[in-house]
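The next block holds one structure in the form of structure tokens; read it before the comments.
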Amino acid sequence: MSAENAAVVDIAREGQVLVVTIQNPPVNALSQAVRQGLADAVAQARSDAQVQAILLVGSGKAFIAGADIREFGKPAMPPSLPDVLVQLENSDKLVVAAIHGPALGGGLEVALSCHYRLAVSGAKLGLPEVQLGLLPGAGGTQRTPRLIGVKAALDLMLSGRHASAEEALTMGLVDKVEPAGSDARTAGLAYANALLAQNAPVRRTREATALADKATSQAELDAAKAESAKKSRGLFSPGKIIECVQGALDLPFEQGMQNERKLFVQCLESPQRAGLIHAFFAERETAKIPEAKAAAPRALNSIGVVGGGTMGAGITVAALDAGLPVVMVERDEESIARGRANVEKVYDGLIAKGRMTAEKKAAIMARYSGSTDYAALAQVDLVIEAVFEEMGVKKAVFAELDKVCKSGAVIATNTSYLDIDAIAASISRPQDVIGLHFFSPANIMKLLEIVVPAKVSADVVATAFELARRMKKVPVRAGVCDGFIGNRILAVYREAANYLLEDGASPYQIDEAVREFGYPMGPFQVADLAGGDIGWATRKRKAATRNPQARYVQIADRIAEKGWFGQKTQRGYYLYPQGARVGEQDPEVLAIVDAERQRAGVTPRSFSNAEIMRRYMAAMVNEGANVVREGIALRPLDVDVTFLYGYGFPRFRGGPMKWADMVGLDKILADIREFAKEDALFWTPSPLLVELVDKGENFESLNKAA
Ligand code: 3HC
Ligand code: NAI
């Protein structure tokens with residue numbers, strides 16, 4: 001074995017057992033060196049007469065987390081994982097896997113190529129390739145159904161979920177479970193020696209017989225196929241996974257493997273794979289920010305929340321769920337009672353669905369207290385204000401907080417748009433003030449924009465990221481501006497949708513085009529869900545400061561003036577008879593749109609769905625570039641993660657900036673310049689976009705440089 005491989009795969013003989021330890025931190029991914037090390041270990045075992053069995057274990061916190069994702073998209077380097085695993089499975093000496101921590105993707109495929117498997121309680125076993133736009137490509141689609149049947153195998157492969165050690169035992173994925181905390185190496189050695197003592201036979205997974213009943217297997221496959229067509233709309237790899245499993249049913253093992261390889265390569269080459277893997281790494285990058293490197297977080301043992309409305313209650317639940325005690329303050333007794341009720345409603349909903357017990361709720365609510373007196377916040381480490389979106393109200397609340405909060409407490413605002421620098425400047429300790437922009441419902445939505453005002457100290461920023469970590473949120477660092485990253489960009493592409501509407505597309509066609517692109521809903525459906533009154537109030541507030549040169553479409557105002565605020569009033573852009581959740585098209589809305597077109601002197605023209613998306617996306621990407629250029633987002637990937645987690649952007653496209661890179665920035669700039677012939681003000685190309693195109697670079701180059 002070469003010296004370089006010795007570093008990642010350690011081999012030591014313990015009596016009759018060759019212990020092969022993967023040590024490739026942080027997660028023992030199957031890099032080229034690990035694959036070579038495994039192949040070398042199999043060869044060594046074969047040639048060493050004293051060795052009767054091989055034991056595979058992982059060092060550190062994982063067995064093996066799968067293929068090395070960083071290698072995808074680069075030229076393949078031998079030996080290939082499927083080949084190494086065939087060698088492993090073909091071994092005439094017993095091969096045993098002792099699994100602790102994650103055994104995912106290629107990691108589980110390694111284990112499946114072993115003859116016996118044990119798992120330590122707490123292990124996570126799964127085939128999550130589908131989440132990366134891939135399929136289990138090292139025999140996983142062939143061995144798993146042979147071992148546990150089509151239904152269970154497709155469930156794992158199409159969901160990508162992690163199964164516990166106990167569930168894996170029930171499924172037949174592993175043979176034995178050891179108690180939590182057991183040392184995998186020790187338990188594995190004992191198991192290997194016991195198997196040798198029993199003369200246990202070599203047992204190859206490819207010869208397992210769970211597919212013996214062909215008719216049942218085919219029926220299970222057909223059922224999964226029908227369900228996947230509904231659930232995985234627009235996704236490439238789920239269909240390929242099903243094709244592979246059909247191959248496992250119809251073909252001998254070797255041919256099934258070849259079929260799997262062919263389909264794996266198709267997935268590897270798909271743009272969805274590129275988008276999904278970008279998303280995987282991007283969401284792990286956003287917490288890597290200068291302040292977190294420069295400073296340690298402050299103590300974070302208790303939370304205060306001011307306001308118990310939609311957001312205050314959701315934030316309270318998020319904090320309680322993170323194990324923190326929460327003090328909520330509201331303006332009067334009635335409001336605090338409602339605030340508490342809003343919190344309890346969330347837990348009661350879980351109880352009603354059988355996902356929580358009353359005892360558990362009581363234990364959680366014991367960490368909650370409500371008050372109408374700001375003095376109750378005197379000892380909290382971090383307080384989040386979530387009162388009405390009005391500067392005067394916010395400043396009054398901050399003045400109270402300035403009086404009562406202990407020195408060193410972090411004081412945060414959940415404002416959506418207001419100037420946080422101005423809020424910070426209004427109190428005596430601007431260094432402690434930060435924006436924590438949660439998304440509704442705050443206990444569910446993963447995105448947390450952490451808005452960093454000019455005067456805040458680094459340890460406050462680090463504390464905000466620590467809060468996100470504890471709440472299991474995906475944090476994105478944003479600078480102060482109107483709308484921060486997400487809502488600022490949203491305002492621009494939403495305006496592009498309004499222009500399309502006035503220029504000739506119907507709201508229903510625009511929604512359809514956006515859904516076809518991969519969003520769960522179109523912008524007019526979202527408007528109906530959110531409530532047209534909120535946007536209307538904002539537009540009225542901003543009317544005085546609106547640029548008189550800018551085009552302004554009044555259709556939304558006409559609809560709001562009728563009191564059609566969307567689902568809550570049973571009509572908006574759509575009709576929702578009897579409170580229906582799915583809207584019907586409304587001819588009266590189309591008549592309003594027509595009248596507005598006439599009033600504005602617009603001759604309607606037709607747009608294809610593709611043309612709609614060219615404009616919608618060009619507006620999004622252009623403003624995304626402005627946001628990066630101004631430093632509001634640190635990197636393009638921060639824009640991507642904001643849209644993936646806060647705005648329903650289809651994950652398989654990686655995020656708007658990744659999507660733009662894949663389309664080609666030159667094409668997007670050319671589109672913008674073409675649209676500018678109609679409206680040069682709205683379609684002003686972002687200087688950053690122009691600069692990147694001139695230099696022949698893309699957004700990814702900025703991600704790498706940061
Ligand atoms: N390859 C390369 N790097 C990986 C990796 C992998 N498979 N899995 C994790 N990493 C990296 C992460 O990027 C991160 O790097 P960073 O510290 O530089 O940001 C580091 O390992 C730690 O990862 P996490 O922050 O995610 O650590 P957690 O402890 O939260 O989670 C985990 C661990 C559950 C293993 C999680 O990392 C994970 O889900 N990894 C991906 C698993 C996966 O998808 N495997 C399938 C790969 S595809 C495959 O195997 C194809 C095969 O069928 C041929
Ligand atoms: P809401 O109207 O549901 O709740 C506001 C609460 O603040 C009310 O319960 C009110 O009684 C309370 N309140 C008002 N003045 C107070 C005071 N002086 N002291 C204590 N409590 C007071 O509003 P919502 O939707 O929860 O919004 C709150 C903040 O969150 C706003 O700044 C909003 O912009 C922001 N936000 C809202 C989102 C949403 O989707 N609703 C998303 C992200 C941020």
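Residues in the structure tokens are named by chain (A, B, ... in the order shown) and by number from 1 within that chain; ligands are numbered from 1 in the order shown.
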As a PyMOL selection string, please: every residue in range 182-306 of chain A that a backbone DSSP assignment puts in helix (DSSP H, G or I). chain A and resi 184-197+205-207+214-231+237-250+253-268+271-285+290-294
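Proximal residues of ligand 2 are Val306, Gly307, Gly308, Gly309, Thr310, Met311, Gly312, Val329, Glu330, Arg331, Ser335, Gly339, Ala386, Val387, Phe388, Glu389, Val393, Ala396, Val397, Asn414, Thr415, Ser416, Tyr417, His437, Phe438, Phe439 and Ser440 of chain A, by a cut-off of 7 Å on only C-alpha atoms and all ligand atoms.
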Give as a PyMOL selection string the residues surrounding ligand 1 up to a distance of 7 Å, considering only C-alpha atoms and all ligand atoms. chain A and resi 26-27+29+65-70+81+102+104-107+127-129+132+134-138+140+281+284-285
Nearby residues (only C-alpha atoms) at most 8 Å from range 688-695 of chain A, same-chain spacing under 4 positions excluded, as a PyMOL selection string: chain A and resi 622+625-626+629+665-666+669+699
What's around range 495-508 of chain A at 8 Å? Count only C-alpha atoms, leave out sequence neighbours fewer than 4 positions away in its own chain, and write the answer as a compact mmCIF listing (two decimals) with N, CA and C atoms, in the first residue's frame.
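Saved to result.txt:
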```txt
# COMPACT_ATOMS: atom_id res chain seq x y z
N ALA A 491 -38.91 42.26 -4.47
CA ALA A 491 -39.66 43.44 -4.93
C ALA A 491 -39.41 43.66 -6.42
N GLU A 512 -48.47 29.73 -13.89
CA GLU A 512 -48.20 28.43 -14.51
C GLU A 512 -46.73 28.35 -14.96
N PRO A 523 -46.37 33.72 -8.34
CA PRO A 523 -46.39 34.94 -7.52
C PRO A 523 -47.80 35.43 -7.18
N PHE A 524 -48.77 35.19 -8.07
CA PHE A 524 -50.12 35.68 -7.77
C PHE A 524 -50.82 34.74 -6.78
N VAL A 553 -47.55 49.73 -12.11
CA VAL A 553 -48.74 49.00 -12.54
C VAL A 553 -49.77 49.04 -11.42
N ILE A 555 -52.76 47.45 -11.23
CA ILE A 555 -53.73 46.35 -11.19
C ILE A 555 -53.94 45.83 -9.76
N TYR A 573 -56.64 37.32 -6.79
CA TYR A 573 -56.44 37.08 -8.21
C TYR A 573 -57.27 35.86 -8.64
N GLN A 585 -59.82 30.39 -11.66
CA GLN A 585 -59.61 31.62 -12.43
C GLN A 585 -60.86 32.50 -12.34
N LEU A 590 -59.74 39.28 -14.84
CA LEU A 590 -59.23 39.50 -16.20
C LEU A 590 -59.82 40.79 -16.79
N VAL A 593 -57.90 43.62 -15.35
CA VAL A 593 -56.58 43.68 -16.01
C VAL A 593 -56.73 44.36 -17.37
N GLU A 596 -57.27 48.07 -17.02
CA GLU A 596 -56.02 48.75 -16.63
C GLU A 596 -55.07 48.87 -17.82
N ARG A 597 -55.04 47.83 -18.65
CA ARG A 597 -54.18 47.91 -19.84
C ARG A 597 -54.62 49.08 -20.71
N VAL A 602 -51.67 50.37 -23.01
CA VAL A 602 -50.84 49.22 -23.40
C VAL A 602 -51.63 48.34 -24.36
N THR A 603 -51.02 48.00 -25.49
CA THR A 603 -51.64 47.02 -26.38
C THR A 603 -51.12 45.65 -25.98
N PRO A 604 -52.03 44.79 -25.47
CA PRO A 604 -51.52 43.51 -24.96
C PRO A 604 -50.90 42.64 -26.05
N ARG A 605 -49.83 41.94 -25.69
CA ARG A 605 -49.21 40.99 -26.61
C ARG A 605 -49.09 39.66 -25.89
N SER A 606 -48.80 38.62 -26.67
CA SER A 606 -48.74 37.31 -26.00
C SER A 606 -47.29 36.95 -25.69
N PHE A 607 -47.15 36.24 -24.60
CA PHE A 607 -45.83 35.76 -24.16
C PHE A 607 -45.89 34.24 -24.05
N ILE A 612 -41.85 34.50 -20.39
CA ILE A 612 -42.18 34.99 -19.05
C ILE A 612 -41.01 34.72 -18.10
N ARG A 615 -37.85 36.95 -18.40
CA ARG A 615 -37.95 38.27 -17.77
C ARG A 615 -37.93 38.15 -16.24
N TYR A 616 -38.70 37.21 -15.75
CA TYR A 616 -38.81 37.02 -14.29
C TYR A 616 -37.42 36.74 -13.70
N ALA A 619 -34.77 39.67 -14.05
CA ALA A 619 -34.97 40.70 -13.02
C ALA A 619 -34.37 40.22 -11.69
```
Need to verify the contact set: range 534-536 of chain A, 12 Å, only C-alpha atoms, exclusion of same-chain residues closer than 6 positions in sequence. Can you return it as an mmCIF file with N, CA and C atoms, in the first residue's frame?
```cif
data_model
loop_
_atom_site.group_PDB
_atom_site.id
_atom_site.type_symbol
_atom_site.label_atom_id
_atom_site.label_comp_id
_atom_site.auth_asym_id
_atom_site.auth_seq_id
_atom_site.Cartn_x
_atom_site.Cartn_y
_atom_site.Cartn_z
ATOM 1 N N GLU A 389 -44.776 46.861 12.233
ATOM 2 C CA GLU A 389 -43.730 47.365 11.348
ATOM 3 C C GLU A 389 -43.843 48.887 11.188
ATOM 4 N N ASN A 487 -36.216 40.160 0.445
ATOM 5 C CA ASN A 487 -37.362 40.999 0.085
ATOM 6 C C ASN A 487 -36.972 42.087 -0.917
ATOM 7 N N ALA A 491 -38.914 42.256 -4.468
ATOM 8 C CA ALA A 491 -39.657 43.437 -4.927
ATOM 9 C C ALA A 491 -39.411 43.660 -6.421
ATOM 10 N N ARG A 494 -40.933 40.709 -8.638
ATOM 11 C CA ARG A 494 -42.387 40.798 -8.495
ATOM 12 C C ARG A 494 -42.918 41.913 -9.395
ATOM 13 N N VAL A 526 -49.104 33.285 -4.430
ATOM 14 C CA VAL A 526 -48.460 33.676 -3.169
ATOM 15 C C VAL A 526 -49.114 34.946 -2.628
ATOM 16 N N ALA A 527 -49.398 35.886 -3.523
ATOM 17 C CA ALA A 527 -50.038 37.135 -3.084
ATOM 18 C C ALA A 527 -51.381 36.829 -2.425
ATOM 19 N N ASP A 528 -52.129 35.922 -3.018
ATOM 20 C CA ASP A 528 -53.433 35.557 -2.447
ATOM 21 C C ASP A 528 -53.277 34.869 -1.093
ATOM 22 N N LYS A 542 -45.244 53.758 0.647
ATOM 23 C CA LYS A 542 -44.066 54.119 -0.152
ATOM 24 C C LYS A 542 -44.417 55.042 -1.324
ATOM 25 N N ALA A 543 -45.704 55.349 -1.491
ATOM 26 C CA ALA A 543 -46.126 56.110 -2.677
ATOM 27 C C ALA A 543 -45.379 57.438 -2.785
ATOM 28 N N GLN A 554 -50.988 49.465 -11.759
ATOM 29 C CA GLN A 554 -51.998 49.697 -10.700
ATOM 30 C C GLN A 554 -52.979 48.535 -10.502
ATOM 31 N N ILE A 555 -52.755 47.451 -11.229
ATOM 32 C CA ILE A 555 -53.733 46.347 -11.191
ATOM 33 C C ILE A 555 -53.945 45.834 -9.759
ATOM 34 N N ALA A 556 -52.840 45.673 -9.029
ATOM 35 C CA ALA A 556 -52.963 45.153 -7.654
ATOM 36 C C ALA A 556 -53.796 46.106 -6.795
ATOM 37 N N ASP A 557 -53.632 47.393 -7.011
ATOM 38 C CA ASP A 557 -54.403 48.366 -6.228
ATOM 39 C C ASP A 557 -55.899 48.258 -6.549
ATOM 40 N N ARG A 558 -56.206 48.101 -7.847
ATOM 41 C CA ARG A 558 -57.632 47.984 -8.226
ATOM 42 C C ARG A 558 -58.262 46.775 -7.526
ATOM 43 N N ILE A 559 -57.502 45.690 -7.459
ATOM 44 C CA ILE A 559 -58.046 44.460 -6.854
ATOM 45 C C ILE A 559 -58.190 44.647 -5.333
ATOM 46 N N ALA A 560 -57.189 45.275 -4.735
ATOM 47 C CA ALA A 560 -57.247 45.506 -3.282
ATOM 48 C C ALA A 560 -58.388 46.460 -2.926
ATOM 49 N N GLU A 561 -58.594 47.465 -3.772
ATOM 50 C CA GLU A 561 -59.676 48.432 -3.494
ATOM 51 C C GLU A 561 -61.042 47.752 -3.414
ATOM 52 N N LYS A 562 -61.176 46.620 -4.080
ATOM 53 C CA LYS A 562 -62.442 45.890 -4.021
ATOM 54 C C LYS A 562 -62.538 45.034 -2.755
ATOM 55 N N GLY A 563 -61.480 45.044 -1.975
ATOM 56 C CA GLY A 563 -61.472 44.207 -0.768
ATOM 57 C C GLY A 563 -61.155 42.748 -1.079
ATOM 58 N N TRP A 564 -60.607 42.498 -2.272
ATOM 59 C CA TRP A 564 -60.252 41.120 -2.638
ATOM 60 C C TRP A 564 -58.801 40.881 -2.198
ATOM 61 N N PHE A 565 -58.641 40.446 -0.972
ATOM 62 C CA PHE A 565 -57.301 40.315 -0.391
ATOM 63 C C PHE A 565 -56.738 38.901 -0.509
ATOM 64 N N GLY A 566 -57.424 38.030 -1.241
ATOM 65 C CA GLY A 566 -56.882 36.677 -1.415
ATOM 66 C C GLY A 566 -57.688 35.642 -0.655
#
```
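Residues surrounding range 362-369 of chain A within 9 Å are Thr316, Leu320, Asp321, Gly323, Leu324, Pro325, Val326, Val327, Met328, Val329, Arg340, Val343 and Glu344 of chain A [only C-alpha atoms; sequence separation below 6 positions excluded].
Counting only C-alpha atoms, Asp183 in chain A has the following residues at most 10 Å away, ignoring those fewer than 6 positions along the same chain: Ala98, Ile99, His100 and Val120 of chain A.
Of the listed residues A:Asp482, A:Asn24, A:Ala295, A:Leu447, the one whose atoms come nearest to Asp419 in chain A is A:Asp482, with distances taken using only C-alpha atoms.
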